[in-house]
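To be precise, the following lines are query_16.cif, and they hold mmCIF, C-alpha atoms.
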```
data_data
#
loop_
_atom_site.group_PDB
_atom_site.id
_atom_site.type_symbol
_atom_site.label_atom_id
_atom_site.label_comp_id
_atom_site.auth_asym_id
_atom_site.auth_seq_id
_atom_site.Cartn_x
_atom_site.Cartn_y
_atom_site.Cartn_z
ATOM 1 C CA MET A 1 -55.549 -26.479 -37.609
ATOM 2 C CA THR A 2 -55.048 -29.271 -35.096
ATOM 3 C CA SER A 3 -52.566 -31.013 -37.390
ATOM 4 C CA ASN A 4 -49.924 -28.438 -36.458
ATOM 5 C CA SER A 5 -49.581 -30.063 -33.041
ATOM 6 C CA GLU A 6 -50.473 -33.642 -33.992
ATOM 7 C CA HIS A 7 -48.205 -34.233 -37.000
ATOM 8 C CA LEU A 8 -44.635 -33.484 -36.053
ATOM 9 C CA VAL A 9 -41.947 -34.843 -38.340
ATOM 10 C CA ALA A 10 -38.297 -35.331 -37.439
ATOM 11 C CA LYS A 11 -35.722 -33.563 -39.568
ATOM 12 C CA PRO A 12 -31.929 -33.691 -39.872
ATOM 13 C CA VAL A 13 -29.600 -30.861 -38.925
ATOM 14 C CA LEU A 14 -27.995 -28.794 -41.656
ATOM 15 C CA ARG A 15 -24.248 -28.640 -41.097
ATOM 16 C CA ALA A 16 -21.448 -26.385 -42.265
ATOM 17 C CA GLY A 17 -20.021 -27.521 -45.575
ATOM 18 C CA GLN A 18 -23.285 -28.971 -46.833
ATOM 19 C CA THR A 19 -25.033 -27.657 -49.929
ATOM 20 C CA VAL A 20 -28.265 -25.663 -49.973
ATOM 21 C CA ILE A 21 -30.346 -24.582 -52.953
ATOM 22 C CA VAL A 22 -32.203 -21.316 -52.371
ATOM 23 C CA ALA A 23 -35.044 -20.760 -54.826
ATOM 24 C CA GLY A 24 -35.731 -17.046 -55.028
ATOM 25 C CA GLY A 25 -32.323 -16.340 -53.560
ATOM 26 C CA ARG A 26 -32.005 -13.044 -55.434
ATOM 27 C CA GLY A 27 -35.029 -11.529 -53.719
ATOM 28 C CA PHE A 28 -35.151 -9.367 -50.607
ATOM 29 C CA VAL A 29 -35.313 -12.110 -47.964
ATOM 30 C CA GLY A 30 -33.693 -14.790 -50.118
ATOM 31 C CA SER A 31 -30.553 -12.763 -50.802
ATOM 32 C CA GLN A 32 -30.042 -12.147 -47.089
ATOM 33 C CA LEU A 33 -30.432 -15.875 -46.465
ATOM 34 C CA VAL A 34 -27.816 -16.657 -49.125
ATOM 35 C CA ARG A 35 -25.372 -14.341 -47.371
ATOM 36 C CA ALA A 36 -26.042 -15.960 -44.008
ATOM 37 C CA LEU A 37 -25.638 -19.492 -45.372
ATOM 38 C CA LEU A 38 -22.351 -18.605 -47.049
ATOM 39 C CA GLY A 39 -21.188 -17.009 -43.817
ATOM 40 C CA SER A 40 -21.993 -20.215 -41.926
ATOM 41 C CA GLY A 41 -19.802 -22.267 -44.241
ATOM 42 C CA CYS A 42 -22.484 -23.807 -46.459
ATOM 43 C CA ARG A 43 -22.209 -24.108 -50.211
ATOM 44 C CA VAL A 44 -25.096 -22.322 -51.903
ATOM 45 C CA HIS A 45 -26.782 -22.476 -55.300
ATOM 46 C CA VAL A 46 -29.371 -19.839 -56.177
ATOM 47 C CA LEU A 47 -32.276 -21.038 -58.311
ATOM 48 C CA GLY A 48 -34.301 -18.527 -60.286
ATOM 49 C CA PRO A 49 -34.112 -16.073 -63.153
ATOM 50 C CA THR A 50 -31.815 -13.072 -62.998
ATOM 51 C CA MET A 51 -33.363 -9.850 -61.694
ATOM 52 C CA ASP A 52 -32.969 -6.201 -62.629
ATOM 53 C CA CYS A 53 -32.030 -5.428 -59.028
ATOM 54 C CA ASP A 54 -29.097 -7.734 -58.204
ATOM 55 C CA LEU A 55 -28.777 -7.902 -54.422
ATOM 56 C CA LEU A 56 -25.952 -10.448 -54.698
ATOM 57 C CA ALA A 57 -23.746 -8.589 -57.182
ATOM 58 C CA ASP A 58 -20.929 -8.215 -54.654
ATOM 59 C CA LEU A 59 -20.877 -11.985 -54.088
ATOM 60 C CA ASP A 60 -20.402 -12.924 -57.744
ATOM 61 C CA GLY A 61 -18.529 -16.210 -58.021
ATOM 62 C CA GLN A 62 -19.171 -17.260 -54.421
ATOM 63 C CA PHE A 63 -22.329 -19.262 -55.155
ATOM 64 C CA GLY A 64 -23.737 -21.392 -57.934
ATOM 65 C CA SER A 65 -26.473 -20.098 -60.211
ATOM 66 C CA ILE A 66 -29.348 -22.158 -61.635
ATOM 67 C CA ASP A 67 -31.072 -19.961 -64.207
ATOM 68 C CA CYS A 68 -34.565 -21.464 -64.335
ATOM 69 C CA ARG A 69 -37.971 -20.759 -62.875
ATOM 70 C CA ILE A 70 -39.299 -22.856 -60.020
ATOM 71 C CA GLU A 71 -42.219 -23.883 -62.260
ATOM 72 C CA ASP A 72 -39.832 -25.571 -64.749
ATOM 73 C CA GLN A 73 -40.060 -29.061 -63.313
ATOM 74 C CA SER A 74 -37.622 -30.766 -65.671
ATOM 75 C CA ALA A 75 -34.948 -28.111 -65.072
ATOM 76 C CA VAL A 76 -35.515 -28.191 -61.308
ATOM 77 C CA ARG A 77 -35.250 -31.976 -61.213
ATOM 78 C CA ALA A 78 -32.071 -31.907 -63.260
ATOM 79 C CA ALA A 79 -30.537 -29.313 -60.958
ATOM 80 C CA LEU A 80 -31.401 -31.200 -57.776
ATOM 81 C CA SER A 81 -30.125 -34.450 -59.238
ATOM 82 C CA ALA A 82 -26.816 -32.902 -60.295
ATOM 83 C CA ILE A 83 -26.202 -30.857 -57.128
ATOM 84 C CA ALA A 84 -27.681 -33.238 -54.513
ATOM 85 C CA PRO A 85 -28.290 -30.533 -51.872
ATOM 86 C CA ALA A 86 -28.788 -31.371 -48.225
ATOM 87 C CA ALA A 87 -31.613 -28.825 -48.045
ATOM 88 C CA VAL A 88 -33.781 -26.667 -50.278
ATOM 89 C CA VAL A 89 -35.203 -23.301 -49.231
ATOM 90 C CA VAL A 90 -38.016 -21.784 -51.283
ATOM 91 C CA CYS A 91 -38.318 -18.002 -51.038
ATOM 92 C CA SER A 92 -39.834 -17.728 -54.518
ATOM 93 C CA ALA A 93 -43.048 -15.763 -54.966
ATOM 94 C CA PHE A 94 -44.547 -14.102 -57.988
ATOM 95 C CA GLY A 95 -43.831 -10.400 -58.251
ATOM 96 C CA ALA A 96 -44.059 -8.052 -61.203
ATOM 97 C CA GLY A 97 -43.040 -4.464 -61.796
ATOM 98 C CA GLY A 98 -41.729 -3.976 -58.275
ATOM 99 C CA GLU A 99 -45.247 -3.363 -56.979
ATOM 100 C CA GLY A 100 -45.262 -5.949 -54.206
ATOM 101 C CA LEU A 101 -46.504 -9.510 -53.945
ATOM 102 C CA MET A 102 -50.172 -8.868 -53.154
ATOM 103 C CA ARG A 103 -50.623 -6.406 -56.001
ATOM 104 C CA ALA A 104 -48.740 -8.642 -58.440
ATOM 105 C CA SER A 105 -51.026 -11.572 -57.612
ATOM 106 C CA GLU A 106 -54.146 -9.491 -58.215
ATOM 107 C CA GLY A 107 -52.731 -8.346 -61.562
ATOM 108 C CA ASP A 108 -51.822 -11.811 -62.856
ATOM 109 C CA PRO A 109 -53.582 -14.591 -60.918
ATOM 110 C CA ASP A 110 -52.499 -17.309 -63.360
ATOM 111 C CA GLN A 111 -48.821 -16.605 -62.818
ATOM 112 C CA ALA A 112 -49.312 -16.182 -59.074
ATOM 113 C CA PHE A 113 -50.861 -19.645 -58.778
ATOM 114 C CA SER A 114 -48.238 -21.103 -61.095
ATOM 115 C CA THR A 115 -45.326 -19.774 -59.047
ATOM 116 C CA ASN A 116 -46.657 -19.754 -55.502
ATOM 117 C CA VAL A 117 -48.597 -23.037 -55.547
ATOM 118 C CA ASP A 118 -47.486 -25.222 -58.465
ATOM 119 C CA GLY A 119 -43.905 -24.074 -58.145
ATOM 120 C CA LEU A 120 -43.752 -25.254 -54.547
ATOM 121 C CA ARG A 121 -45.579 -28.486 -55.413
ATOM 122 C CA ARG A 122 -43.097 -29.304 -58.159
ATOM 123 C CA MET A 123 -40.132 -28.440 -55.978
ATOM 124 C CA LEU A 124 -41.448 -30.700 -53.216
ATOM 125 C CA SER A 125 -41.825 -33.560 -55.674
ATOM 126 C CA ALA A 126 -38.347 -33.051 -57.100
ATOM 127 C CA ALA A 127 -36.816 -32.767 -53.624
ATOM 128 C CA ARG A 128 -38.339 -36.045 -52.459
ATOM 129 C CA GLU A 129 -37.284 -37.848 -55.617
ATOM 130 C CA SER A 130 -33.733 -36.491 -55.336
ATOM 131 C CA GLY A 131 -33.283 -37.511 -51.716
ATOM 132 C CA VAL A 132 -33.184 -33.986 -50.282
ATOM 133 C CA ALA A 133 -33.292 -34.246 -46.494
ATOM 134 C CA GLN A 134 -35.413 -31.162 -45.743
ATOM 135 C CA LEU A 135 -37.246 -28.278 -47.370
ATOM 136 C CA LEU A 136 -38.048 -24.898 -45.842
ATOM 137 C CA TRP A 137 -40.302 -22.328 -47.463
ATOM 138 C CA THR A 138 -41.762 -18.912 -46.764
ATOM 139 C CA SER A 139 -45.490 -18.639 -46.244
ATOM 140 C CA SER A 140 -47.254 -15.481 -45.062
ATOM 141 C CA THR A 141 -49.510 -14.257 -42.293
ATOM 142 C CA THR A 142 -51.841 -13.060 -45.074
ATOM 143 C CA VAL A 143 -53.407 -16.545 -44.911
ATOM 144 C CA TYR A 144 -55.458 -15.186 -42.005
ATOM 145 C CA GLY A 145 -57.306 -12.514 -43.922
ATOM 146 C CA ASP A 146 -58.874 -9.373 -42.493
ATOM 147 C CA ALA A 147 -58.573 -8.700 -38.764
ATOM 148 C CA SER A 148 -62.320 -8.084 -38.531
ATOM 149 C CA GLY A 149 -62.890 -11.820 -38.942
ATOM 150 C CA TYR A 150 -61.079 -12.625 -35.700
ATOM 151 C CA GLY A 151 -61.441 -11.744 -32.055
ATOM 152 C CA PRO A 152 -59.354 -9.279 -30.043
ATOM 153 C CA ASP A 153 -56.641 -11.805 -29.153
ATOM 154 C CA ARG A 154 -53.569 -12.593 -31.214
ATOM 155 C CA VAL A 155 -54.052 -15.498 -33.604
ATOM 156 C CA ASP A 156 -52.033 -18.680 -33.349
ATOM 157 C CA GLU A 157 -51.760 -21.612 -35.740
ATOM 158 C CA SER A 158 -55.138 -22.986 -34.664
ATOM 159 C CA ALA A 159 -56.981 -19.925 -36.033
ATOM 160 C CA PRO A 160 -58.953 -20.445 -39.248
ATOM 161 C CA LYS A 161 -57.389 -19.286 -42.504
ATOM 162 C CA ARG A 162 -59.632 -16.774 -44.313
ATOM 163 C CA PRO A 163 -57.449 -15.104 -46.950
ATOM 164 C CA ALA A 164 -58.843 -11.847 -48.310
ATOM 165 C CA THR A 165 -56.285 -11.518 -51.111
ATOM 166 C CA LEU A 166 -55.216 -13.742 -53.984
ATOM 167 C CA TYR A 167 -51.702 -13.751 -52.586
ATOM 168 C CA GLY A 168 -53.008 -15.009 -49.247
ATOM 169 C CA LEU A 169 -55.068 -17.646 -51.059
ATOM 170 C CA THR A 170 -52.005 -18.929 -52.927
ATOM 171 C CA LYS A 171 -50.154 -19.219 -49.622
ATOM 172 C CA GLN A 172 -53.075 -21.075 -48.036
ATOM 173 C CA LEU A 173 -53.080 -23.566 -50.905
ATOM 174 C CA ALA A 174 -49.305 -23.889 -50.778
ATOM 175 C CA GLU A 175 -49.558 -24.728 -47.075
ATOM 176 C CA ALA A 176 -52.025 -27.505 -47.882
ATOM 177 C CA VAL A 177 -49.659 -28.889 -50.527
ATOM 178 C CA SER A 178 -46.694 -28.764 -48.156
ATOM 179 C CA GLU A 179 -48.582 -30.278 -45.235
ATOM 180 C CA PHE A 180 -49.850 -33.080 -47.487
ATOM 181 C CA ALA A 181 -46.261 -33.994 -48.384
ATOM 182 C CA MET A 182 -45.293 -33.942 -44.731
ATOM 183 C CA GLN A 183 -48.221 -36.065 -43.518
ATOM 184 C CA ARG A 184 -48.394 -38.567 -46.377
ATOM 185 C CA ASP A 185 -44.706 -39.041 -47.107
ATOM 186 C CA GLY A 186 -43.067 -37.977 -43.846
ATOM 187 C CA PHE A 187 -41.049 -35.422 -45.803
ATOM 188 C CA PRO A 188 -39.806 -32.526 -43.642
ATOM 189 C CA ALA A 189 -41.315 -29.508 -45.397
ATOM 190 C CA ILE A 190 -41.621 -26.599 -42.980
ATOM 191 C CA GLY A 191 -43.414 -23.338 -43.785
ATOM 192 C CA LEU A 192 -42.845 -20.097 -41.901
ATOM 193 C CA ARG A 193 -45.646 -17.521 -41.950
ATOM 194 C CA LEU A 194 -43.759 -14.249 -42.085
ATOM 195 C CA PRO A 195 -45.366 -10.879 -41.304
ATOM 196 C CA LEU A 196 -44.412 -7.661 -43.091
ATOM 197 C CA VAL A 197 -40.613 -7.793 -43.417
ATOM 198 C CA LEU A 198 -38.578 -4.577 -43.657
ATOM 199 C CA GLY A 199 -34.932 -3.629 -43.522
ATOM 200 C CA PRO A 200 -31.882 -2.823 -45.655
ATOM 201 C CA GLY A 201 -32.165 -3.965 -49.257
ATOM 202 C CA LEU A 202 -35.948 -3.746 -49.628
ATOM 203 C CA TRP A 203 -36.340 -2.503 -53.185
ATOM 204 C CA TYR A 204 -39.905 -3.284 -54.243
ATOM 205 C CA ARG A 205 -43.035 -1.350 -53.443
ATOM 206 C CA GLY A 206 -46.041 -2.985 -51.834
ATOM 207 C CA ALA A 207 -47.851 -3.021 -48.511
ATOM 208 C CA ALA A 208 -44.815 -1.364 -46.953
ATOM 209 C CA ALA A 209 -44.330 1.303 -49.630
ATOM 210 C CA SER A 210 -45.511 4.243 -47.533
ATOM 211 C CA LEU A 211 -43.533 3.136 -44.512
ATOM 212 C CA VAL A 212 -40.350 2.587 -46.507
ATOM 213 C CA ALA A 213 -40.738 5.971 -48.220
ATOM 214 C CA MET A 214 -40.988 7.665 -44.827
ATOM 215 C CA ILE A 215 -37.875 5.908 -43.508
ATOM 216 C CA ARG A 216 -35.895 6.785 -46.622
ATOM 217 C CA ALA A 217 -36.943 10.415 -46.345
ATOM 218 C CA ALA A 218 -35.500 10.717 -42.837
ATOM 219 C CA ARG A 219 -32.832 13.420 -43.150
ATOM 220 C CA PRO A 220 -32.028 16.412 -40.924
ATOM 221 C CA GLY A 221 -34.237 19.317 -41.969
ATOM 222 C CA ALA A 222 -36.438 17.166 -44.231
ATOM 223 C CA ARG A 223 -40.219 17.153 -44.024
ATOM 224 C CA HIS A 224 -42.327 14.181 -45.097
ATOM 225 C CA GLU A 225 -46.039 13.500 -45.476
ATOM 226 C CA ILE A 226 -47.633 10.108 -44.932
ATOM 227 C CA ASP A 227 -51.217 8.924 -45.230
ATOM 228 C CA PHE A 228 -51.613 5.744 -43.197
ATOM 229 C CA HIS A 229 -53.652 4.221 -40.400
ATOM 230 C CA ASP A 230 -52.418 4.075 -36.824
ATOM 231 C CA GLN A 231 -53.567 0.569 -35.954
ATOM 232 C CA ALA A 232 -51.098 -1.925 -34.465
ATOM 233 C CA ILE A 233 -49.175 -3.933 -37.075
ATOM 234 C CA ASP A 234 -46.623 -6.742 -36.923
ATOM 235 C CA LEU A 235 -43.213 -6.068 -38.459
ATOM 236 C CA MET A 236 -40.004 -8.065 -38.700
ATOM 237 C CA HIS A 237 -36.415 -7.088 -39.463
ATOM 238 C CA VAL A 238 -35.136 -9.050 -42.455
ATOM 239 C CA ARG A 239 -32.186 -10.137 -40.331
ATOM 240 C CA ASP A 240 -34.571 -11.788 -37.844
ATOM 241 C CA ALA A 241 -36.555 -13.416 -40.644
ATOM 242 C CA VAL A 242 -33.321 -15.009 -41.852
ATOM 243 C CA ALA A 243 -32.369 -16.000 -38.307
ATOM 244 C CA ALA A 244 -35.722 -17.791 -37.943
ATOM 245 C CA MET A 245 -35.094 -19.686 -41.178
ATOM 246 C CA LEU A 246 -31.616 -20.707 -40.076
ATOM 247 C CA ARG A 247 -33.034 -21.861 -36.740
ATOM 248 C CA VAL A 248 -35.289 -24.300 -38.632
ATOM 249 C CA LEU A 249 -32.473 -25.583 -40.849
ATOM 250 C CA TRP A 250 -30.199 -26.171 -37.856
ATOM 251 C CA HIS A 251 -32.924 -27.551 -35.589
ATOM 252 C CA ASP A 252 -32.399 -31.092 -34.324
ATOM 253 C CA GLY A 253 -35.763 -32.662 -33.650
ATOM 254 C CA PRO A 254 -39.352 -32.820 -34.877
ATOM 255 C CA LEU A 255 -41.168 -29.757 -36.165
ATOM 256 C CA ALA A 256 -44.713 -28.972 -37.291
ATOM 257 C CA PRO A 257 -45.702 -28.262 -40.913
ATOM 258 C CA VAL A 258 -46.168 -24.509 -40.433
ATOM 259 C CA TYR A 259 -45.440 -21.818 -37.871
ATOM 260 C CA ASN A 260 -46.333 -18.197 -37.237
ATOM 261 C CA VAL A 261 -43.207 -16.060 -36.941
ATOM 262 C CA ASN A 262 -43.139 -12.488 -35.695
ATOM 263 C CA GLY A 263 -40.707 -9.717 -34.891
ATOM 264 C CA PHE A 264 -42.464 -6.945 -32.971
ATOM 265 C CA THR A 265 -45.684 -4.947 -33.004
ATOM 266 C CA THR A 266 -45.846 -1.201 -33.525
ATOM 267 C CA ARG A 267 -47.881 1.697 -34.908
ATOM 268 C CA VAL A 268 -47.018 4.395 -37.411
ATOM 269 C CA SER A 269 -47.137 7.003 -34.658
ATOM 270 C CA ASP A 270 -44.436 5.017 -32.832
ATOM 271 C CA MET A 271 -42.374 4.861 -36.009
ATOM 272 C CA ILE A 272 -42.617 8.622 -36.460
ATOM 273 C CA LYS A 273 -41.650 9.286 -32.848
ATOM 274 C CA THR A 274 -38.603 7.021 -33.081
ATOM 275 C CA LEU A 275 -37.539 8.361 -36.483
ATOM 276 C CA THR A 276 -37.614 11.957 -35.299
ATOM 277 C CA GLU A 277 -35.545 10.968 -32.263
ATOM 278 C CA LEU A 278 -32.978 9.188 -34.442
ATOM 279 C CA VAL A 279 -32.825 12.004 -37.006
ATOM 280 C CA PRO A 280 -33.004 15.408 -35.306
ATOM 281 C CA GLY A 281 -34.654 17.995 -37.517
ATOM 282 C CA PHE A 282 -36.728 15.449 -39.450
ATOM 283 C CA SER A 283 -40.474 16.091 -39.264
ATOM 284 C CA VAL A 284 -43.494 14.141 -40.462
ATOM 285 C CA ASP A 285 -47.007 15.285 -41.297
ATOM 286 C CA PHE A 286 -49.102 12.248 -40.393
ATOM 287 C CA ARG A 287 -52.591 12.142 -41.852
ATOM 288 C CA GLN A 288 -54.434 9.224 -40.337
ATOM 289 C CA GLN A 289 -56.816 7.278 -42.528
ATOM 290 C CA ARG A 290 -58.908 4.151 -42.262
ATOM 291 C CA PRO A 291 -56.937 1.005 -43.076
ATOM 292 C CA GLU A 292 -57.640 -0.403 -46.522
ATOM 293 C CA ARG A 293 -56.791 -3.839 -45.178
ATOM 294 C CA LEU A 294 -55.742 -4.856 -41.675
ATOM 295 C CA PHE A 295 -54.427 -8.284 -40.734
ATOM 296 C CA PRO A 296 -54.766 -9.779 -37.239
ATOM 297 C CA LEU A 297 -51.809 -9.624 -34.871
ATOM 298 C CA ILE A 298 -49.806 -12.825 -34.687
ATOM 299 C CA ASP A 299 -49.030 -15.162 -31.799
ATOM 300 C CA ASP A 300 -45.711 -16.910 -32.494
ATOM 301 C CA GLN A 301 -45.203 -18.616 -29.127
ATOM 302 C CA ARG A 302 -45.328 -22.093 -30.674
ATOM 303 C CA PHE A 303 -42.353 -21.387 -32.907
ATOM 304 C CA ARG A 304 -40.388 -19.867 -30.049
ATOM 305 C CA ARG A 305 -41.190 -22.851 -27.834
ATOM 306 C CA ASP A 306 -40.327 -25.506 -30.420
ATOM 307 C CA THR A 307 -37.118 -23.909 -31.724
ATOM 308 C CA GLY A 308 -35.914 -21.542 -29.015
ATOM 309 C CA PHE A 309 -36.019 -18.640 -31.479
ATOM 310 C CA ALA A 310 -36.379 -15.046 -30.301
ATOM 311 C CA PRO A 311 -36.038 -11.995 -32.570
ATOM 312 C CA GLU A 312 -33.293 -9.510 -31.737
ATOM 313 C CA ALA A 313 -34.383 -6.343 -33.542
ATOM 314 C CA ASP A 314 -36.930 -3.916 -32.153
ATOM 315 C CA LEU A 315 -38.402 -0.886 -33.928
ATOM 316 C CA ARG A 316 -35.421 1.341 -33.149
ATOM 317 C CA ARG A 317 -32.941 -1.199 -34.509
ATOM 318 C CA LEU A 318 -34.973 -1.729 -37.682
ATOM 319 C CA LEU A 319 -35.217 1.988 -38.389
ATOM 320 C CA LEU A 320 -31.583 2.686 -37.601
ATOM 321 C CA ASP A 321 -30.317 -0.141 -39.810
ATOM 322 C CA THR A 322 -32.521 0.993 -42.694
ATOM 323 C CA ILE A 323 -31.483 4.636 -42.371
ATOM 324 C CA VAL A 324 -27.796 3.753 -42.271
ATOM 325 C CA SER A 325 -28.087 1.552 -45.358
ATOM 326 C CA GLU A 326 -29.582 4.342 -47.492
#
```

Could I get this structure in the form of structure tokens?
Amino acid sequence: MTSNSEHLVAKPVLRAGQTVIVAGGRGFVGSQLVRALLGSGCRVHVLGPTMDCDLLADLDGQFGSIDCRIEDQSAVRAALSAIAPAAVVVCSAFGAGGEGLMRASEGDPDQAFSTNVDGLRRMLSAARESGVAQLLWTSSTTVYGDASGYGPDRVDESAPKRPATLYGLTKQLAEAVSEFAMQRDGFPAIGLRLPLVLGPGLWYRGAAASLVAMIRAARPGARHEIDFHDQAIDLMHVRDAVAAMLRVLWHDGPLAPVYNVNGFTTRVSDMIKTLTELVPGFSVDFRQQRPERLFPLIDDQRFRRDTGFAPEADLRRLLLDTIVSE
């Protein structure tokens, strides 16, 4: 994707006191972003339907609430017109039954395309029309597809996108929509391809279900069984995912349409070793199996170079924070 280096677009800097709308702000990553924005002095409005698991319950009254779906173009336009935010962040993605985003997309493709592709397209249109200065949204490294389709090296933004899941396909299409808005209209719409994000507050099951179950089982004297592969995988602490998003919002200067973002790379055997060190008396029966799906490892040097971002959390920090939060 040569356009990532050829089509840079300047963007303004988000400043304390300005207003941000966070679509999907009640989700795992979105709720952590809302907290960080409030802590930085921004005014925040959360756009999206209420959820059974309210990760912002303790902040009731500290942010505005826009109870509509991102696909509802008339409601979204009305909200943006009335609030006039300086920035919009889209963390929305279709999920159902707490089973994770990839499984939800396979179960209801129509709704996945409606939310993940058309929802972003309509938000981009409404943001431009309302004079919003910048839009940030969460893509996914699942746009790359199965690792077997790539060489041994880490993949950067120039690697071809070959999604092997419907969720990855919706993110690939959303990237095309976002990049079109950036190239044709000069509208700063930046997508961050996040890897598997873990950490305190993760409530839904999905690709990380087995890993999360193992971390939550870590207690002195407890014994846990896990069936998983032991290939290298990219992980990111939710705190670092939010820090990367804030780095984009606060960045002064041109940025590309989409970036790979990564935290660290590990294996399940490393996770087990670290867990048993952190929790003496905890043991794990690890039954290795062939990976059902394996994504290529990510090169995020372009994002680090352009923004100065560097993740803070390693495997030990991620595990410790998650254990403590349980």

_One-decimal distance in Å that lies between atom CA of A:Arg162 and atom CA of A:Gly27_ = 26.9 Å

*For A:Asp285, which residue among A:Cys42, A:Leu318, A:Ala86, A:Ile226 is the nearest when counting all atoms listed in the file?*
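Under the stated criterion, the closest residue is A:Ile226.
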
*Would you list the contacts of A:Leu194 as a list in words, taking every protein, DNA or RNA residue within 7 Å and counting only C-alpha atoms, but skipping same-chain residues closer than 5 positions in sequence?*
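Within the cut-off, the hits are Thr138, Ser139, Ser140, Thr141, Asn260, Val261 and Asn262 of chain A.
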
*May I ask for the distance between atom CA of A:Gly281 and atom CA of A:Ser269, given in Å to one decimal place?*
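So the answer is 16.9 Å.
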
*Name the residues that the PyMOL selection byres ((chain A and resi 314) around 12) picks from the file above, as a PyMOL selection string, using the file's chain letters and numbers.*
chain A and resi 198-199+234-240+262-266+270-271+274+310-313+315-321

_Assuming the chain letters and numbering stay as they are in my file, what does the PyMOL selection byres ((chain A and resi 252) around 6) actually select? List them as a list of chain:residue names._
A:Val13, A:His251, A:Gly253

*Any idea what's packed within 10 Å of A:Arg302, counting all atoms listed in the file, ignoring anything in its chain fewer than 2 positions away? Could you give it as a VMD selection string?*
chain A and resid 4 to 5 156 to 157 256 259 to 261 299 to 300 304 to 309

Those same residues - C-alpha atoms - I'd like them written as an mmCIF file, in the frame of the given file.
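Listed below is the output, again.cif:
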```cif
data_model
loop_
_atom_site.group_PDB
_atom_site.id
_atom_site.type_symbol
_atom_site.label_atom_id
_atom_site.label_comp_id
_atom_site.auth_asym_id
_atom_site.auth_seq_id
_atom_site.Cartn_x
_atom_site.Cartn_y
_atom_site.Cartn_z
ATOM 1 C CA ASN A 4 -49.924 -28.438 -36.458
ATOM 2 C CA SER A 5 -49.581 -30.063 -33.041
ATOM 3 C CA ASP A 156 -52.033 -18.680 -33.349
ATOM 4 C CA GLU A 157 -51.760 -21.612 -35.740
ATOM 5 C CA ALA A 256 -44.713 -28.972 -37.291
ATOM 6 C CA TYR A 259 -45.440 -21.818 -37.871
ATOM 7 C CA ASN A 260 -46.333 -18.197 -37.237
ATOM 8 C CA VAL A 261 -43.207 -16.060 -36.941
ATOM 9 C CA ASP A 299 -49.030 -15.162 -31.799
ATOM 10 C CA ASP A 300 -45.711 -16.910 -32.494
ATOM 11 C CA ARG A 304 -40.388 -19.867 -30.049
ATOM 12 C CA ARG A 305 -41.190 -22.851 -27.834
ATOM 13 C CA ASP A 306 -40.327 -25.506 -30.420
ATOM 14 C CA THR A 307 -37.118 -23.909 -31.724
ATOM 15 C CA GLY A 308 -35.914 -21.542 -29.015
ATOM 16 C CA PHE A 309 -36.019 -18.640 -31.479
#
```

*Pick from A:Leu202, A:Leu135, A:Ala189, A:Val29: nearest to A:Cys53, with all atoms listed in the file counted?*
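Closest to A:Cys53 of all the choices is A:Leu202.
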
Stretch 160-166 of chain A, all listed atoms, 6 Å padding on each side: what axis-aligned box centre and edge lengths in Å to one decimal come out, as AutoDock Vina command-line options?
```
--center_x -57.4 --center_y -16.0 --center_z -46.6 --size_x 16.4 --size_y 20.9 --size_z 26.7
```

_Exercise: A:Arg26 partners within 8 Å, only C-alpha atoms, chain neighbours under 4 positions left out, as a ChimeraX atom specification_ = /A:30-31,46,48,50-51,54-56

Restricting it to C-alpha atoms, dump the selection as a compact mmCIF listing (two decimals), in the frame of the given file.
```
# COMPACT_ATOMS: atom_id res chain seq x y z
CA GLY A 30 -33.69 -14.79 -50.12
CA SER A 31 -30.55 -12.76 -50.80
CA VAL A 46 -29.37 -19.84 -56.18
CA GLY A 48 -34.30 -18.53 -60.29
CA THR A 50 -31.82 -13.07 -63.00
CA MET A 51 -33.36 -9.85 -61.69
CA ASP A 54 -29.10 -7.73 -58.20
CA LEU A 55 -28.78 -7.90 -54.42
CA LEU A 56 -25.95 -10.45 -54.70
```

*Restricting the calculation to all atoms listed in the file, which member of A:Ile323, A:Ala93, A:Ile66, A:Ile233 is positioned closest to A:Gln111?*
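Among the listed residues, A:Ala93 lies closest to A:Gln111.
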